[in-house]
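**Student:** One structure is given below, represented as structure tokens, and several questions about it will come after.
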Amino acid sequence: MGEQRRDQGDGRDARESARRVPEAWGKGVLPEEAHAWEALVATARRTVSEGLVVGTSGNVSVRVGDTVLVTPSGVPYDRLAPDDVTGVDLDGRQVLGTLVPTSELPMHLAVYRTTDAAAVVHTHAVHATAVSTLVPELPTIHYMAAALGGPVRVAPYATYGTDELAENMLRALADRTGCLLQNHGTVTYGATLDQAYDRTAQLEWMCRLWLTASSVPGLSPTLLSHEQVAEVGEKLRGYGQRG
């Protein structure tokens with residue numbers, strides 16, 4: 001695939017000769033891609049260690065220029081190494097590595113083509129998946145819904161890896177940075193891998209919170225209004241450290 005990449009005639013040869021990475025990465029891998037791959041693998045392993053996925057379920061991707069690095073299909077995350085780097089262009093053509101990309105590639109590419117996302121995290125988180133089978137939208141149990149753009153919608157079920165699933169997901173993601181996939185899991189995106197992952201973790205936590213509160217016999221949880229969530233959204237724009 002390295003040969004295919006050098007044939008693209010985009011000036012990559014000159015950049016490769018000027019900035020090389022260790023041989024373990026193989027041919028055609030730029031330093032920024034090597035760094036991004038290491039971060040991607042760390043994030044994928046985190047989804048397992050923090051219980052958001054089991055085995056090789058779920059997937060992670062990160063965009064570097066016009067290349068999307070993505071976890072390969074069916075490979076345990078603790079076995080991924082530098083020479084397993086897997087990358088495609090925005091049309092899905094493989095430009096890095098030889099391992100088959102995740103079966104959910106259509107979903108990841110759909111996000112990159114329609115948003116300003118730099119990273120996407122997809123999980124099969126237990127509580128979020130449970131909620132996806134119960135309601136068409138996660139009830140606004142907590143103001144952190146604002147961190148995902150507002151009430152989190154549920155995308156109708158479709159077979160994994162299909163264009164239909166990707167289309168359903170995009171509708172649920174309209175004006176949002178995360179959604180639930182019915183009987184399937186979660187999708188979130190962000191400007192960084194850390195941000196995309198944090199949104200996934202927040203979404204799973206909110207789903208767990210709602211399920212817990214809803215399980216008390218004879219009581220119903222108090223929900224926030226859309227106006228209250230929107231107010232928090234404005235406050236979050238200035239949240240965190242400056243500079």
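Going by the structure tokens order, chains are called A, B, ..., each with residues numbered from 1, while ligands are numbered from 1 in the order shown.
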If you run DSSP on the backbone, which residues of region 71-167 of chain A are helix (DSSP H, G or I), as a ChimeraX atom specification?

**Tutor:** /A:77-79,82-84,105-114,126-132,143-148,163-167

**Student:** Can you write just those residues out, N, CA and C atoms, as a CSV table (one decimal), in the first residue's frame?

**Tutor:**
chain,number,residue,atom,x,y,z
A,77,TYR,N,-7.1,-5.1,20.7
A,77,TYR,CA,-6.4,-3.8,20.9
A,77,TYR,C,-5.1,-3.9,21.6
A,78,ASP,N,-5.0,-4.9,22.5
A,78,ASP,CA,-3.7,-5.0,23.2
A,78,ASP,C,-2.6,-5.7,22.3
A,79,ARG,N,-3.0,-6.1,21.1
A,79,ARG,CA,-2.0,-6.7,20.2
A,79,ARG,C,-1.6,-5.7,19.1
A,82,PRO,N,3.0,-0.8,15.9
A,82,PRO,CA,3.2,0.2,14.9
A,82,PRO,C,3.0,-0.3,13.5
A,83,ASP,N,3.4,-1.5,13.2
A,83,ASP,CA,3.3,-2.0,11.8
A,83,ASP,C,1.8,-2.5,11.5
A,84,ASP,N,0.9,-2.3,12.4
A,84,ASP,CA,-0.5,-2.6,12.2
A,84,ASP,C,-1.3,-1.3,11.8
A,105,LEU,N,-16.5,1.2,9.1
A,105,LEU,CA,-15.8,2.2,8.3
A,105,LEU,C,-16.8,3.2,7.7
A,106,PRO,N,-18.0,2.7,7.1
A,106,PRO,CA,-18.9,3.7,6.5
A,106,PRO,C,-19.4,4.7,7.5
A,107,MET,N,-19.6,4.3,8.8
A,107,MET,CA,-20.1,5.2,9.8
A,107,MET,C,-19.1,6.2,10.2
A,108,HIS,N,-17.8,5.8,10.3
A,108,HIS,CA,-16.8,6.8,10.6
A,108,HIS,C,-16.6,7.8,9.5
A,109,LEU,N,-16.5,7.3,8.3
A,109,LEU,CA,-16.3,8.2,7.1
A,109,LEU,C,-17.5,9.2,7.0
A,110,ALA,N,-18.7,8.7,7.2
A,110,ALA,CA,-19.9,9.6,7.1
A,110,ALA,C,-19.7,10.8,8.1
A,111,VAL,N,-19.2,10.5,9.3
A,111,VAL,CA,-19.0,11.6,10.3
A,111,VAL,C,-18.0,12.6,9.7
A,112,TYR,N,-16.8,12.1,9.2
A,112,TYR,CA,-15.8,13.0,8.7
A,112,TYR,C,-16.2,13.8,7.5
A,113,ARG,N,-17.0,13.2,6.7
A,113,ARG,CA,-17.5,13.9,5.5
A,113,ARG,C,-18.5,15.0,5.8
A,114,THR,N,-19.2,15.0,6.9
A,114,THR,CA,-20.3,15.9,7.1
A,114,THR,C,-20.1,16.8,8.3
A,126,VAL,N,-22.7,-0.8,27.9
A,126,VAL,CA,-23.9,-1.5,28.4
A,126,VAL,C,-25.1,-0.6,28.7
A,127,HIS,N,-24.9,0.4,29.5
A,127,HIS,CA,-26.1,1.2,29.9
A,127,HIS,C,-26.6,2.0,28.7
A,128,ALA,N,-25.7,2.5,27.9
A,128,ALA,CA,-26.1,3.3,26.7
A,128,ALA,C,-26.9,2.4,25.7
A,129,THR,N,-26.4,1.2,25.6
A,129,THR,CA,-27.1,0.3,24.6
A,129,THR,C,-28.5,-0.1,25.2
A,130,ALA,N,-28.5,-0.3,26.5
A,130,ALA,CA,-29.8,-0.6,27.1
A,130,ALA,C,-30.8,0.5,26.9
A,131,VAL,N,-30.4,1.8,27.1
A,131,VAL,CA,-31.3,2.9,26.9
A,131,VAL,C,-31.7,3.0,25.4
A,132,SER,N,-30.9,2.6,24.5
A,132,SER,CA,-31.2,2.7,23.1
A,132,SER,C,-32.4,1.7,22.7
A,143,TYR,N,-27.6,17.9,33.1
A,143,TYR,CA,-27.2,19.0,32.2
A,143,TYR,C,-26.0,18.7,31.3
A,144,MET,N,-25.3,17.6,31.5
A,144,MET,CA,-24.2,17.3,30.6
A,144,MET,C,-24.6,16.9,29.2
A,145,ALA,N,-25.9,16.7,29.1
A,145,ALA,CA,-26.4,16.5,27.7
A,145,ALA,C,-26.0,17.7,26.8
A,146,ALA,N,-25.8,18.9,27.4
A,146,ALA,CA,-25.4,20.1,26.7
A,146,ALA,C,-24.1,19.9,26.1
A,147,ALA,N,-23.2,19.0,26.7
A,147,ALA,CA,-21.9,18.8,26.1
A,147,ALA,C,-21.9,18.1,24.8
A,148,LEU,N,-23.0,17.4,24.5
A,148,LEU,CA,-23.2,16.7,23.2
A,148,LEU,C,-24.1,17.5,22.3
A,163,ASP,N,-24.5,1.2,4.9
A,163,ASP,CA,-24.7,2.6,4.6
A,163,ASP,C,-26.0,3.1,5.3
A,164,GLU,N,-27.0,2.1,5.4
A,164,GLU,CA,-28.2,2.5,6.1
A,164,GLU,C,-27.9,2.9,7.5
A,165,LEU,N,-27.1,2.2,8.2
A,165,LEU,CA,-26.7,2.5,9.6
A,165,LEU,C,-26.1,3.9,9.6
A,166,ALA,N,-25.1,4.1,8.7
A,166,ALA,CA,-24.4,5.4,8.6
A,166,ALA,C,-25.4,6.6,8.4
A,167,GLU,N,-26.4,6.4,7.6
A,167,GLU,CA,-27.4,7.4,7.3
A,167,GLU,C,-28.3,7.7,8.5

**Student:** Would you mind listing what lies within 8 Å of Ala196 (chain A) as number ranges by chain, with only C-alpha atoms counted and same-chain residues fewer than 5 positions away left out?

**Tutor:** A: 119-121, 188-191

**Student:** From the set A:Arg199, A:Arg153, A:His142, A:His184, which residue has the shortest atom-to-atom contact distance to Leu224 (chain A), counting only C-alpha atoms?

**Tutor:**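 Nearest candidate to Leu224 (chain A) out of A:Arg199, A:Arg153, A:His142, A:His184: A:His142.
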
**Student:** Output as a list in words all residues of region 78-136 of chain A that backbone DSSP marks as strand (DSSP E or B).

**Tutor:**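 Put together, the selection reads Gly87, Val88, Asp89, Gln94, Val95, Leu96, Pro101, Ala119, Val120, Val121, His122 and Thr123 of chain A.
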
**Student:** My list of candidates is A:Ala155, A:Ala118, A:Leu69, A:Leu236. Which is closest to Val95 (chain A) when distances are computed with only C-alpha atoms?

**Tutor:**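 Among the listed residues, the smallest separation from Val95 (chain A) belongs to A:Leu69.
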
**Student:** Could you work out how far CA of Pro72 (chain A) lies from CA of His35 (chain A), giving the answer in Å with one decimal?

**Tutor:**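 Interatomic distance here is 17.1 Å.
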
**Student:** Contacts of Pro156 (chain A) at 7 Å or less, counting only C-alpha atoms, minus same-chain residues fewer than 4 places along, as number ranges by chain?

**Tutor:** A: 168, 181-182

**Student:** Report, in Å with one decimal, the straight-line distance from CA of Glu227 (chain A) to CA of Met206 (chain A).

**Tutor:**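 For CA of Glu227 (chain A) relative to CA of Met206 (chain A), the distance reads 18.3 Å.
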
**Student:** Could you check how far CA of Ala213 (chain A) sits from CA of Ile141 (chain A), in Å to one decimal?

**Tutor:** 8.9 Å
